[in-house]
Amino acid sequence: MIFAFSSVLLAYFSLSFLETLVIFIGGIILPWVVGAWFYSRKVSKSDLIYQKEILPSVSFWILIILILAAGLLRCFQLTTLSLWPLTDEALDGYYSMQVADHGHFQWIYGFTNLPPLYIWLQGLVFKIFGISLTSLWSLPAVLSLASVIVFFLAARTYFSKSFSFLSVLLMGFSFWPLYVGRFSFQGGLLLFWETAALLAAGLWWEERETSAGRFGAFLFGLFVGAGFYTFTSWPTAALLFTFGMGWYEWSHPKRRFFYPYLLGLLFAYFPLAAAAIPATDNDYLRYVIPFRWNQPLFPQLAMACQDLWAFFFRTLVPSNLFAYKPFWGGYWNPLLSAAFFIGTFEFFRKRAHPFVLLWVFAFLLFFLPGFLTGGIEMCRVLLILPVLLLGVATGISILLMGLRPIWRPWGLSVFILFSMGLDSYHLFGVYHRIWTQPQGNWFACKSLERLRAYEILKDFQSQAGPGFILSDMVPDIYDQSFSLATHSFNATVNPAIDPSQARWVALLINVNYRTYLIRQFPEGKWFDLAPDVERPDGGLMLGIIPLTSSHFKILKQYFLADRACFSLVPQVFDCRDYKSRTPVIQSLESLYPLFSADPFLRSCFYEKIAENEYADRNYDAQVKALKQAIQLGIPTPHLYNNLGALYFRRSRFTEARQAFQKALQFPFNATSASAGLQAILTVEKTGKWSESQ
């Protein structure tokens, strides 16, 4: 009760640092110390609790019903829970589209060198079922359900029936496993592969005394080696399994299982290593945060350990960064967190047991990727989920043993129902509500404008049929969620659609081009996609233009320019974050003839140049590009506003004021230019300015 109440306060209430510290020490640390002391006095030579039968036998049909219910939870609101893909999902989806449509296979993907297996599987799903948001999110749902089934089978090779039943309940109905199954990314495959590797290890363990033991060790190594194709944090799992095999070999020198295992591992891993190692410069490792010894060490350690806090209480990741974090409490709700703390008493009491030593080693090893990278991404610590789950199941077992056997099923039912209530509200309430309300300040997540454009076009194409959708003339084309979602009716990217069937063209572009484009295409329909969200540049708008337009030749030029930009997407994916955008800029410059004949296209071209120069911190080149967009293209408020913001950040206030004033002179202006002028006045009066202003 103390653990649960303290966890509720730490998870669901906004507290000051001092209040948090007092509750954590008084409600978590001190009770745990007292409990550990009490349990350490009750030394027992009996087996660990995971080998005991504390519940009545569960019928086969109840297990089937539970698995079906777990599957239903993973499919419930399949396309309406998250509403729109994250940029990470769109990146994987783009590569999977290339696999499905054109058979383009790679060994590694993107600037972080993602391994290929998930993208290949998603490409196969796209090939069979078509490319859509439904097929995008179906694969992680299936993998998540498969993880439940395989984890139960793995648990039966190690644990009692009762403990295995508890494990399947937690894997099937807790927030964290459900949450993972809602994202189309490598994490879902990583979790499934980990559970399958645990099953493979268990099957080998059961066969180790037979003549097939060495062949089983080879197959186990083969499976562990194939795990390198899942996600970049798999090496920690491979290290754990290899350590376990080495430990067993050292304890039983006459068995000789280690070398067949190692041979299988290297045999599976070799193709990926041979293809990937020469092509990579260890980009993923650039995310590792080295400790700077000339700076205060405590803040750096606190940042590195913030995943620990997110497991049980709440995330410390800033509110405007998604990062696959929990939104209401931690990954485990307060009841499960309290059960975990209780479970660690059993581990402390049996701390010399080989299973406990292996559990501690796995915990530290699987936490390491998150520790080294600052605790900002769930995928990097996802391997720790089953490890924590075993701790939670141990704690629940201890609580149930405090009841009479006849009351244990009822006690478990009440506990699980309360836990499911908290987790269901977290996923289907709080998390879902995040995406149904406009968020103007989110970083690296999803595009509200593209979602709204998709909803408009989805209804429109049901009557008008397929069309050409031009969505890549915006400055940054990293977000490919729109081409993914509209693939089924987008003749621009879908090779299965006969271009002669298209009757309309859709254009996704900055809203401040509205005046020019309405004059250019008076028969078009125009939709402001972010009127209720304060975007500094006004946000995006959608235009739908019939192909019967009198300006067909201009539309054709727009189409050619858009397709040329789409061809640069792989290069844009490769040149991200810390990488130089020079290759992208050079490729853009080679495409300039496609943009030179039309003033609107020229503005789009130089906006792209400015965006990439800004990413490389080439401010003078960005100023030059923005001026060219204005002088050689279409002068618009957002171009002047962007120029003014850049001058402002360079403390060139006179030029910034002039640019903001020009933006405000346009009859239609959807920018933050007036706020820019106010910021200049604030600086001139006070000499201070904050980002919030």
# chains A, B, ... in the order shown; residues from 1 in each chain; ligands from 1
$ residues_around --residues "A:Thr315" --least-positions-apart "5" --cutoff "8 Å" --atoms "only C-alpha atoms" --output "PyMOL selection string"
chain A and resi 306-307+309-310+325-327+329-330
$ select_by_dssp --residues "stretch 358-481 of chain A" --states "alpha helix (DSSP H)" --output "NGL selection string"
:A and (358-372 or 385-401 or 408-424 or 432-436 or 448-464 or 481)
$ closest_residue --among "A:Ser580, A:Phe185, A:His102, A:Ala393" --to "A:Ile416" --atoms "only C-alpha atoms"
A:Ala393
$ select_by_dssp --residues "stretch 509-624 of chain A" --states "strand (DSSP E)" --output "list in words"
Ile509, Asn510, Lys525, Trp526, Phe527, Asp528, Leu540, Met541, Leu542, Gly543, Ile544, Ile545 and Pro546 of chain A
$ residues_around --residues "stretch 136-147 of chain A" --least-positions-apart "5" --cutoff "6 Å" --atoms "only C-alpha atoms" --output "VMD selection string"
chain A and resid 71 74 181 184 188 192
$ write_last_selection --atoms "N, CA, C and O atoms" --output "PDB file, in the first residue's frame"
ATOM      1  N   GLY A  71      -5.775  -9.873 -28.440  1.00  0.00           N
ATOM      2  CA  GLY A  71      -5.781  -9.492 -29.851  1.00  0.00           C
ATOM      3  C   GLY A  71      -6.793  -8.404 -30.145  1.00  0.00           C
ATOM      4  O   GLY A  71      -6.523  -7.482 -30.929  1.00  0.00           O
ATOM      5  N   ARG A  74      -5.523  -5.036 -29.226  1.00  0.00           N
ATOM      6  CA  ARG A  74      -4.494  -4.541 -30.156  1.00  0.00           C
ATOM      7  C   ARG A  74      -5.091  -4.070 -31.478  1.00  0.00           C
ATOM      8  O   ARG A  74      -4.441  -3.316 -32.204  1.00  0.00           O
ATOM      9  N   GLY A 181       2.679  -2.172 -29.506  1.00  0.00           N
ATOM     10  CA  GLY A 181       1.945  -2.725 -30.629  1.00  0.00           C
ATOM     11  C   GLY A 181       1.155  -1.725 -31.425  1.00  0.00           C
ATOM     12  O   GLY A 181       0.461  -2.100 -32.382  1.00  0.00           O
ATOM     13  N   SER A 184       4.222   1.361 -35.964  1.00  0.00           N
ATOM     14  CA  SER A 184       4.846   0.598 -37.046  1.00  0.00           C
ATOM     15  C   SER A 184       6.321   0.974 -37.100  1.00  0.00           C
ATOM     16  O   SER A 184       6.725   1.871 -37.839  1.00  0.00           O
ATOM     17  N   GLY A 188       8.403  -3.225 -32.301  1.00  0.00           N
ATOM     18  CA  GLY A 188       7.495  -4.361 -32.203  1.00  0.00           C
ATOM     19  C   GLY A 188       8.163  -5.662 -32.595  1.00  0.00           C
ATOM     20  O   GLY A 188       7.964  -6.704 -31.963  1.00  0.00           O
ATOM     21  N   PHE A 192       9.119  -9.031 -30.151  1.00  0.00           N
ATOM     22  CA  PHE A 192       8.745 -10.379 -30.565  1.00  0.00           C
ATOM     23  C   PHE A 192       9.978 -11.266 -30.676  1.00  0.00           C
ATOM     24  O   PHE A 192       9.964 -12.424 -30.225  1.00  0.00           O
TER      25      PHE A 192
END
$ residues_around --residues "A:Ala625" --least-positions-apart "2" --cutoff "7 Å" --atoms "only C-alpha atoms" --output "PyMOL selection string"
chain A and resi 606-607+609-610+621-623+627-629
$ closest_residue --among "A:Glu611, A:Glu194, A:Glu249, A:Asp88" --to "A:Asp476" --atoms "only C-alpha atoms"
A:Glu611
$ atom_distance --atom1 "atom CA of A:Ala197" --atom2 "atom CA of A:Pro369"
19.5 Å
$ residues_around --residues "A:Tyr12" --least-positions-apart "2" --cutoff "12 Å" --atoms "only C-alpha atoms" --output "list in words"
Ala4, Phe5, Ser6, Ser7, Val8, Leu9, Leu10, Ser14, Leu15, Thr20, Phe312, Phe313, Arg314, Thr315, Pro326, Phe327, Trp328, Gly329, Gly330, Asn333, Pro334, Leu422 and His426 of chain A
$ closest_residue --among "A:Phe345, A:Phe653, A:Phe418, A:Tyr578" --to "A:Leu677" --atoms "only C-alpha atoms"
A:Phe653
$ residues_around --residues "A:Gln480" --least-positions-apart "5" --cutoff "9 Å" --atoms "only C-alpha atoms" --output "VMD selection string"
chain A and resid 87 90 to 91 93 to 94 471 to 472 485 569
$ closest_residue --among "A:Leu66, A:Met378, A:Ile456, A:Ile384" --to "A:Phe363" --atoms "only C-alpha atoms"
A:Ile384
$ residues_around --residues "A:Pro531" --least-positions-apart "4" --cutoff "10 Å" --atoms "only C-alpha atoms" --output "list of chain:residue names"
A:Glu449, A:Val511, A:Phe527, A:Arg535, A:Gly538, A:Gly539, A:Leu540, A:Met541, A:Ala670
$ closest_residue --among "A:Val224, A:Cys305, A:Leu124, A:Leu266" --to "A:Ala196" --atoms "only C-alpha atoms"
A:Val224
$ atom_distance --atom1 "atom CA of A:Pro667" --atom2 "atom CA of A:Phe521"
18.9 Å
$ closest_residue --among "A:Val150, A:Leu262, A:Leu190, A:Ala69" --to "A:Ser164" --atoms "only C-alpha atoms"
A:Val150
